[in-house]
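Quick look at final.pdb (PDB, C-alpha atoms (C1' of nucleotides)):
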ATOM      1  CA  MET K1181     115.182  97.722  16.831  1.00  0.00           C
ATOM      2  CA  PRO K1182     113.822  94.513  18.231  1.00  0.00           C
ATOM      3  CA  ALA K1183     114.345  93.751  21.872  1.00  0.00           C
ATOM      4  CA  TYR K1184     115.056  90.362  23.348  1.00  0.00           C
ATOM      5  CA  TRP K1185     113.637  88.556  26.352  1.00  0.00           C
ATOM      6  CA  LEU K1186     113.938  85.393  28.344  1.00  0.00           C
ATOM      7  CA  MET K1187     110.570  84.019  29.422  1.00  0.00           C
ATOM      8  CA  LYS K1188     110.179  81.230  31.966  1.00  0.00           C
ATOM      9  CA  SER K1189     107.476  78.636  31.661  1.00  0.00           C
ATOM     10  CA  GLU K1190     106.919  75.534  33.718  1.00  0.00           C
ATOM     11  CA  PRO K1191     106.953  72.709  31.175  1.00  0.00           C
ATOM     12  CA  ASP K1192     104.180  70.957  33.120  1.00  0.00           C
ATOM     13  CA  GLU K1193     102.004  73.947  32.267  1.00  0.00           C
ATOM     14  CA  CYS K1194     103.296  74.985  28.866  1.00  0.00           C
ATOM     15  CA  SER K1195     106.443  73.502  27.347  1.00  0.00           C
ATOM     16  CA  ILE K1196     108.001  74.528  24.055  1.00  0.00           C
ATOM     17  CA  ASP K1197     106.347  71.425  22.573  1.00  0.00           C
ATOM     18  CA  ASP K1198     102.972  72.574  23.863  1.00  0.00           C
ATOM     19  CA  ALA K1199     103.515  75.997  22.321  1.00  0.00           C
ATOM     20  CA  LEU K1200     104.567  74.500  18.984  1.00  0.00           C
ATOM     21  CA  ALA K1201     101.441  72.319  19.012  1.00  0.00           C
ATOM     22  CA  ALA K1202      99.110  75.217  19.777  1.00  0.00           C
ATOM     23  CA  PRO K1203      97.017  76.856  17.051  1.00  0.00           C
ATOM     24  CA  GLY K1204      99.286  79.186  15.131  1.00  0.00           C
ATOM     25  CA  GLN K1205     102.100  77.919  17.357  1.00  0.00           C
ATOM     26  CA  THR K1206     100.937  80.718  19.607  1.00  0.00           C
ATOM     27  CA  VAL K1207     100.056  80.787  23.290  1.00  0.00           C
ATOM     28  CA  PRO K1208      98.856  83.603  25.554  1.00  0.00           C
ATOM     29  CA  TRP K1209     101.433  84.169  28.293  1.00  0.00           C
ATOM     30  CA  THR K1210      98.941  83.802  31.123  1.00  0.00           C
ATOM     31  CA  GLY K1211      99.548  83.714  34.837  1.00  0.00           C
ATOM     32  CA  VAL K1212     102.221  86.358  35.334  1.00  0.00           C
ATOM     33  CA  ARG K1213     101.481  87.925  38.727  1.00  0.00           C
ATOM     34  CA  ASN K1214     104.553  90.020  39.244  1.00  0.00           C
ATOM     35  CA  TYR K1215     104.460  93.712  38.454  1.00  0.00           C
ATOM     36  CA  GLN K1216     107.920  93.938  36.964  1.00  0.00           C
ATOM     37  CA  ALA K1217     107.288  91.047  34.595  1.00  0.00           C
ATOM     38  CA  ARG K1218     103.855  92.418  33.770  1.00  0.00           C
ATOM     39  CA  ASN K1219     105.316  95.798  32.932  1.00  0.00           C
ATOM     40  CA  PHE K1220     107.721  94.247  30.461  1.00  0.00           C
ATOM     41  CA  MET K1221     104.783  92.705  28.606  1.00  0.00           C
ATOM     42  CA  TRP K1222     102.497  95.688  28.993  1.00  0.00           C
ATOM     43  CA  LYS K1223     104.850  98.576  28.354  1.00  0.00           C
ATOM     44  CA  GLN K1224     107.955  97.382  26.624  1.00  0.00           C
ATOM     45  CA  MET K1225     107.408  94.379  24.404  1.00  0.00           C
ATOM     46  CA  GLN K1226     106.859  94.888  20.711  1.00  0.00           C
ATOM     47  CA  PRO K1227     105.672  92.434  18.097  1.00  0.00           C
ATOM     48  CA  GLU K1228     108.560  90.382  16.715  1.00  0.00           C
ATOM     49  CA  ASP K1229     110.733  90.846  19.774  1.00  0.00           C
ATOM     50  CA  GLY K1230     112.847  87.722  20.255  1.00  0.00           C
ATOM     51  CA  VAL K1231     112.117  85.319  23.090  1.00  0.00           C
ATOM     52  CA  LEU K1232     114.273  82.634  24.664  1.00  0.00           C
ATOM     53  CA  PHE K1233     111.796  79.988  25.820  1.00  0.00           C
ATOM     54  CA  TYR K1234     112.985  78.773  29.226  1.00  0.00           C
ATOM     55  CA  HIS K1235     111.752  75.774  31.194  1.00  0.00           C
ATOM     56  CA  SER K1236     111.720  76.352  34.957  1.00  0.00           C
ATOM     57  CA  SER K1237     110.800  74.272  38.000  1.00  0.00           C
ATOM     58  CA  CYS K1238     111.787  71.050  36.293  1.00  0.00           C
ATOM     59  CA  ALA K1239     114.572  68.479  36.378  1.00  0.00           C
ATOM     60  CA  GLU K1240     116.809  70.253  33.894  1.00  0.00           C
ATOM     61  CA  PRO K1241     116.040  73.965  33.778  1.00  0.00           C
ATOM     62  CA  GLY K1242     117.280  75.843  30.735  1.00  0.00           C
ATOM     63  CA  ILE K1243     116.456  77.258  27.317  1.00  0.00           C
ATOM     64  CA  TYR K1244     114.562  74.861  25.078  1.00  0.00           C
ATOM     65  CA  GLY K1245     113.373  77.006  22.208  1.00  0.00           C
ATOM     66  CA  ILE K1246     113.085  80.280  20.374  1.00  0.00           C
ATOM     67  CA  ALA K1247     109.886  82.260  20.141  1.00  0.00           C
ATOM     68  CA  GLN K1248     108.679  85.728  19.350  1.00  0.00           C
ATOM     69  CA  VAL K1249     106.206  88.243  20.656  1.00  0.00           C
ATOM     70  CA  THR K1250     103.111  88.620  18.491  1.00  0.00           C
ATOM     71  CA  GLY K1251     100.546  91.373  18.665  1.00  0.00           C
ATOM     72  CA  ALA K1252      99.743  93.974  21.270  1.00  0.00           C
ATOM     73  CA  PRO K1253      99.311  93.425  25.006  1.00  0.00           C
ATOM     74  CA  TYR K1254      95.831  92.736  26.353  1.00  0.00           C
ATOM     75  CA  PRO K1255      94.337  91.904  29.768  1.00  0.00           C
ATOM     76  CA  ASP K1256      95.072  88.386  31.008  1.00  0.00           C
ATOM     77  CA  PRO K1257      91.644  86.687  30.896  1.00  0.00           C
ATOM     78  CA  THR K1258      92.527  84.316  33.744  1.00  0.00           C
ATOM     79  CA  GLN K1259      92.410  87.193  36.243  1.00  0.00           C
ATOM     80  CA  PHE K1260      88.615  87.334  35.783  1.00  0.00           C
ATOM     81  CA  ASP K1261      88.063  83.572  35.699  1.00  0.00           C
ATOM     82  CA  VAL K1262      86.859  82.364  39.102  1.00  0.00           C
ATOM     83  CA  SER K1263      87.805  78.800  38.201  1.00  0.00           C
ATOM     84  CA  SER K1264      91.395  79.750  37.404  1.00  0.00           C
ATOM     85  CA  LYS K1265      94.163  79.559  39.925  1.00  0.00           C
ATOM     86  CA  TYR K1266      95.224  82.945  38.572  1.00  0.00           C
ATOM     87  CA  PHE K1267      91.876  84.537  39.456  1.00  0.00           C
ATOM     88  CA  ASP K1268      92.380  87.908  41.131  1.00  0.00           C
ATOM     89  CA  THR K1269      89.495  89.237  43.212  1.00  0.00           C
ATOM     90  CA  GLN K1270      91.069  92.677  43.266  1.00  0.00           C
ATOM     91  CA  SER K1271      91.175  93.122  39.527  1.00  0.00           C
ATOM     92  CA  LYS K1272      88.279  94.838  37.800  1.00  0.00           C
ATOM     93  CA  PRO K1273      87.374  94.479  34.124  1.00  0.00           C
ATOM     94  CA  ASP K1274      87.417  98.259  33.648  1.00  0.00           C
ATOM     95  CA  ALA K1275      90.855  98.449  35.264  1.00  0.00           C
ATOM     96  CA  PRO K1276      92.651  95.171  34.619  1.00  0.00           C
ATOM     97  CA  ARG K1277      95.660  94.602  36.779  1.00  0.00           C
ATOM     98  CA  TRP K1278      97.386  91.909  34.708  1.00  0.00           C
ATOM     99  CA  TRP K1279      98.384  92.170  31.073  1.00  0.00           C
ATOM    100  CA  LEU K1280      99.986  89.703  28.729  1.00  0.00           C
ATOM    101  CA  VAL K1281     101.192  89.197  25.193  1.00  0.00           C
ATOM    102  CA  ASP K1282     100.843  86.280  22.842  1.00  0.00           C
ATOM    103  CA  VAL K1283     104.007  84.333  22.164  1.00  0.00           C
ATOM    104  CA  ARG K1284     104.597  82.355  18.995  1.00  0.00           C
ATOM    105  CA  ALA K1285     106.981  79.430  19.173  1.00  0.00           C
ATOM    106  CA  VAL K1286     109.458  79.566  16.293  1.00  0.00           C
ATOM    107  CA  ARG K1287     111.443  76.410  16.879  1.00  0.00           C
ATOM    108  CA  LYS K1288     112.601  73.963  19.450  1.00  0.00           C
ATOM    109  CA  THR K1289     116.337  74.030  20.062  1.00  0.00           C
ATOM    110  CA  ILE K1290     118.865  71.777  21.664  1.00  0.00           C
ATOM    111  CA  PRO K1291     118.605  72.217  25.421  1.00  0.00           C
ATOM    112  CA  LEU K1292     120.841  74.953  26.743  1.00  0.00           C
ATOM    113  CA  LEU K1293     120.901  74.046  30.401  1.00  0.00           C
ATOM    114  CA  LEU K1294     121.159  76.532  33.203  1.00  0.00           C
ATOM    115  CA  SER K1295     124.244  74.704  34.455  1.00  0.00           C
ATOM    116  CA  THR K1296     125.893  75.137  31.040  1.00  0.00           C
ATOM    117  CA  MET K1297     125.049  78.817  30.914  1.00  0.00           C
ATOM    118  CA  ARG K1298     126.439  79.346  34.395  1.00  0.00           C
ATOM    119  CA  SER K1299     129.830  78.042  33.344  1.00  0.00           C
ATOM    120  CA  ASP K1300     130.045  80.198  30.198  1.00  0.00           C
ATOM    121  CA  PRO K1301     132.000  83.410  30.839  1.00  0.00           C
ATOM    122  CA  GLN K1302     130.465  84.966  27.723  1.00  0.00           C
ATOM    123  CA  LEU K1303     127.103  84.923  29.473  1.00  0.00           C
ATOM    124  CA  GLU K1304     128.223  86.910  32.458  1.00  0.00           C
ATOM    125  CA  GLY K1305     125.555  89.457  33.295  1.00  0.00           C
ATOM    126  CA  LEU K1306     122.660  87.488  31.891  1.00  0.00           C
ATOM    127  CA  LEU K1307     119.925  88.312  34.365  1.00  0.00           C
ATOM    128  CA  VAL K1308     118.560  84.801  34.731  1.00  0.00           C
ATOM    129  CA  LEU K1309     121.973  83.706  36.000  1.00  0.00           C
ATOM    130  CA  GLN K1310     121.982  86.170  38.868  1.00  0.00           C
ATOM    131  CA  LYS K1311     121.879  84.648  42.296  1.00  0.00           C
ATOM    132  CA  GLY K1312     118.360  84.510  43.601  1.00  0.00           C
ATOM    133  CA  SER K1313     116.859  85.585  40.284  1.00  0.00           C
ATOM    134  CA  ARG K1314     113.162  84.724  40.331  1.00  0.00           C
ATOM    135  CA  LEU K1315     111.775  87.141  37.784  1.00  0.00           C
ATOM    136  CA  SER K1316     109.892  85.121  35.159  1.00  0.00           C
ATOM    137  CA  ILE K1317     110.565  87.606  32.351  1.00  0.00           C
ATOM    138  CA  THR K1318     113.936  89.289  31.933  1.00  0.00           C
ATOM    139  CA  PRO K1319     115.446  91.399  29.176  1.00  0.00           C
ATOM    140  CA  VAL K1320     118.348  89.904  27.223  1.00  0.00           C
ATOM    141  CA  SER K1321     121.014  92.106  25.667  1.00  0.00           C
ATOM    142  CA  PRO K1322     121.457  91.968  21.869  1.00  0.00           C
ATOM    143  CA  ALA K1323     124.989  90.660  22.407  1.00  0.00           C
ATOM    144  CA  HIS K1324     123.787  87.793  24.595  1.00  0.00           C
ATOM    145  CA  TRP K1325     120.913  87.056  22.228  1.00  0.00           C
ATOM    146  CA  HIS K1326     123.207  86.791  19.241  1.00  0.00           C
ATOM    147  CA  TYR K1327     125.774  84.720  21.073  1.00  0.00           C
ATOM    148  CA  ILE K1328     123.130  82.315  22.382  1.00  0.00           C
ATOM    149  CA  THR K1329     121.167  81.940  19.179  1.00  0.00           C
ATOM    150  CA  THR K1330     124.060  81.737  16.748  1.00  0.00           C
ATOM    151  CA  THR K1331     126.783  80.031  18.770  1.00  0.00           C
ATOM    152  CA  LEU K1332     125.102  77.979  21.479  1.00  0.00           C
ATOM    153  CA  LEU K1333     121.850  76.898  19.824  1.00  0.00           C
TER
ATOM    154  C1'  DG N 108     111.601  68.436  50.606  1.00  0.00           C
ATOM    155  C1'  DC N 109     114.730  72.181  51.759  1.00  0.00           C
ATOM    156  C1'  DC N 110     115.760  76.741  51.870  1.00  0.00           C
ATOM    157  C1'  DA N 111     117.756  81.220  50.061  1.00  0.00           C
ATOM    158  C1'  DA N 112     116.190  85.104  47.903  1.00  0.00           C
ATOM    159  C1'  DC N 113     112.810  88.039  46.753  1.00  0.00           C
ATOM    160  C1'  DG N 114     108.111  90.484  46.573  1.00  0.00           C
ATOM    161  C1'  DT N 115     104.028  91.874  49.041  1.00  0.00           C
ATOM    162  C1'  DT N 116     101.299  93.085  52.940  1.00  0.00           C
ATOM    163  C1'  DG N 117     100.004  95.545  56.808  1.00  0.00           C
ATOM    164  C1'  DG N 118     100.787  97.406  61.539  1.00  0.00           C
ATOM    165  C1'  DC N 119     102.811 101.205  63.483  1.00  0.00           C
TER
ATOM    166  C1'  DG I 457     107.822 105.422  55.264  1.00  0.00           C
ATOM    167  C1'  DC I 458     109.810 101.609  57.885  1.00  0.00           C
ATOM    168  C1'  DC I 459     110.243  96.924  58.483  1.00  0.00           C
ATOM    169  C1'  DA I 460     108.759  92.327  60.329  1.00  0.00           C
ATOM    170  C1'  DA I 461     106.068  88.657  58.887  1.00  0.00           C
ATOM    171  C1'  DC I 462     104.488  86.043  55.428  1.00  0.00           C
ATOM    172  C1'  DG I 463     104.023  83.822  50.833  1.00  0.00           C
ATOM    173  C1'  DT I 464     106.180  82.437  46.541  1.00  0.00           C
ATOM    174  C1'  DT I 465     109.752  81.101  43.292  1.00  0.00           C
ATOM    175  C1'  DG I 466     112.716  77.914  41.724  1.00  0.00           C
ATOM    176  C1'  DG I 467     117.280  75.617  41.908  1.00  0.00           C
ATOM    177  C1'  DC I 468     119.214  71.943  44.159  1.00  0.00           C
TER
END
Give the structure from this file in structure tokens form.
Amino acid sequence: MPAYWLMKSEPDECSIDDALAAPGQTVPWTGVRNYQARNFMWKQMQPEDGVLFYHSSCAEPGIYGIAQVTGAPYPDPTQFDVSSKYFDTQSKPDAPRWWLVDVRAVRKTIPLLLSTMRSDPQLEGLLVLQKGSRLSITPVSPAHWHYITTTLL
DNA sequence: GCCAACGTTGGC
DNA sequence: GCCAACGTTGGC
């Protein structure tokens, strides 16, 4: 049984277009520095899990594409890179603190804006719609996934 | 730029 | 283990 996720990315850093243009249409999901989000990638994600590609911190936040998890989790290389803004002095190579998965962009979709999702009663309970939700990776129920991908996108 | 909500840190 | 202070996220 595949699981489904919503993953936020700042389009200035990596948009759905950037992901589609990457080699293999695949990008490493670097920079997650929240334990809950890390644990989803490290402990729960499986290859071929479905991903709603969400643009955050931009003019029109919302879902802009569909992607999927590829491969097994591995340590985020940016945590050991002193020149990276994600460098973590506390993390040691023999005990990495931050893990990630690779994400392959499948296709760009019509924008499904946050404002649109908020006004759709069928999406009640979607975690990204919760007040004050800041978590950059959230699980999506199969029912919500199917409704979003087959009816809204 | 503002600020509410949340996560983390560290003193006690 | 509590909780105040602080830093960050992210929509608006």
**Study point:** Target residues per the PyMOL selection byres ((chain N) within 12 of (chain K)), formatted as an MDAnalysis selection string
**Key:** chainID N and resid 110:115
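One distance worth recording is that between CA of His1324 in chain K and CA of Gln1248 in chain K, which is 16.1 Å.
Counting all atoms listed in the file, the residue from K:Cys1238, K:Ala1285, K:Ala1183, K:Leu1280 that sits nearest to Asp1198 in chain K is K:Ala1285.
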Check your understanding: How far is it from CA of Ser1237 in chain K to CA of His1326 in chain K, in Å with one decimal?
Key ->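 Separating CA of Ser1237 in chain K from CA of His1326 in chain K is a distance of 25.7 Å.
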Exercise for review: Name the residues captured by the PyMOL selection byres ((chain K and resi 1275) around 12) when it is applied to the shown file; answer as JSON, numbers by chain.
Suggested key: {"K": [1254, 1255, 1256, 1259, 1260, 1270, 1271, 1272, 1273, 1274, 1276, 1277, 1278, 1279]}
Study note, to complete from the structure: Between CA of Thr1331 in chain K and CA of Ala1217 in chain K lies a distance of 27.4 Å
Practice item. Just say which residues the PyMOL selection byres ((chain K and resi 1194) around 12) picks in this file, as a ChimeraX atom specification. Key: /K:1187-1193,1195-1202,1205-1211,1233-1238,1244,1283,1285
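Using all atoms listed in the file, the shortest contact distance between Ser1295 in chain K and any of K:Val1281, K:Val1262, K:Val1212, K:Ile1243 is found at K:Ile1243.
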Point to revise | Residues near Lys1223 in chain K, cut-off 10 Å, only C-alpha atoms (C1' of nucleotides), skip fewer than 2 positions along chain, as a list in words | key: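 Skipping anything fewer than 2 positions along the chain leaves Arg1218, Asn1219, Phe1220, Met1221, Met1225, Gln1226, Ala1252, Pro1253 and Trp1279 of chain K.
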Review point. Which of these residues is nearest to Pro1227 in chain K, using all atoms listed in the file: K:Pro1301, K:Pro1291, K:Gly1251, K:Pro1319?
Key: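 Among the listed residues, K:Gly1251 lies closest to Pro1227 in chain K.
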Practice item. Write out as a list in words which residues come within 7 Å of Thr1258 in chain K when counting all atoms listed in the file, dropping same-chain ones fewer than 6 positions away. Key: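 Close residues of Thr1258 in chain K: Thr1210, Ser1264, Tyr1266 and Phe1267 of chain K.
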Check your understanding: Can you find the residues with an atom no farther than 6 Å from (112.7, 74.9, 21.8), counting all atoms listed in the file, and report them as a PyMOL selection string?
Key -> chain K and resi 1196+1244-1246+1287-1289
Where atoms are lacking, range 1279-1294 of chain K completed to N, CA, C and O atoms, as a compact mmCIF listing (two decimals), in the coordinates of the input:
# COMPACT_ATOMS: atom_id res chain seq x y z
N TRP K 1279 98.36 92.12 32.53
CA TRP K 1279 98.38 92.17 31.07
C TRP K 1279 99.35 91.12 30.56
O TRP K 1279 100.30 90.73 31.24
N LEU K 1280 99.11 90.71 29.32
CA LEU K 1280 99.99 89.70 28.73
C LEU K 1280 100.16 89.95 27.25
O LEU K 1280 99.48 90.82 26.67
N VAL K 1281 101.07 89.22 26.65
CA VAL K 1281 101.19 89.20 25.19
C VAL K 1281 101.07 87.75 24.73
O VAL K 1281 101.20 86.82 25.51
N ASP K 1282 100.79 87.60 23.45
CA ASP K 1282 100.84 86.28 22.84
C ASP K 1282 102.27 86.00 22.40
O ASP K 1282 102.98 86.91 21.96
N VAL K 1283 102.66 84.74 22.53
CA VAL K 1283 104.01 84.33 22.16
C VAL K 1283 103.92 83.19 21.15
O VAL K 1283 103.23 82.20 21.39
N ARG K 1284 104.61 83.38 20.03
CA ARG K 1284 104.60 82.36 19.00
C ARG K 1284 105.91 81.58 19.01
O ARG K 1284 106.99 82.16 18.90
N ALA K 1285 105.79 80.28 19.19
CA ALA K 1285 106.98 79.43 19.17
C ALA K 1285 107.53 79.37 17.76
O ALA K 1285 106.80 79.14 16.79
N VAL K 1286 108.82 79.61 17.61
CA VAL K 1286 109.46 79.57 16.29
C VAL K 1286 110.08 78.19 16.05
O VAL K 1286 109.83 77.56 15.05
N ARG K 1287 110.87 77.76 17.01
CA ARG K 1287 111.44 76.41 16.88
C ARG K 1287 111.94 75.91 18.22
O ARG K 1287 112.27 76.68 19.11
N LYS K 1288 111.97 74.59 18.30
CA LYS K 1288 112.60 73.96 19.45
C LYS K 1288 114.10 73.94 19.18
O LYS K 1288 114.53 73.83 18.04
N THR K 1289 114.89 74.05 20.24
CA THR K 1289 116.34 74.03 20.06
C THR K 1289 116.93 72.88 20.87
O THR K 1289 116.21 72.22 21.62
N ILE K 1290 118.21 72.67 20.72
CA ILE K 1290 118.86 71.78 21.66
C ILE K 1290 118.77 72.43 23.04
O ILE K 1290 118.72 73.66 23.15
N PRO K 1291 118.70 71.62 24.09
CA PRO K 1291 118.60 72.22 25.42
C PRO K 1291 119.88 72.99 25.75
O PRO K 1291 120.99 72.49 25.52
N LEU K 1292 119.71 74.19 26.24
CA LEU K 1292 120.84 74.95 26.74
C LEU K 1292 120.60 75.08 28.24
O LEU K 1292 119.85 75.94 28.70
N LEU K 1293 121.23 74.17 28.99
CA LEU K 1293 120.90 74.05 30.40
C LEU K 1293 121.45 75.20 31.22
O LEU K 1293 122.50 75.78 30.88
N LEU K 1294 120.73 75.49 32.28
CA LEU K 1294 121.16 76.53 33.20
C LEU K 1294 122.60 76.29 33.67
O LEU K 1294 123.41 77.21 33.74
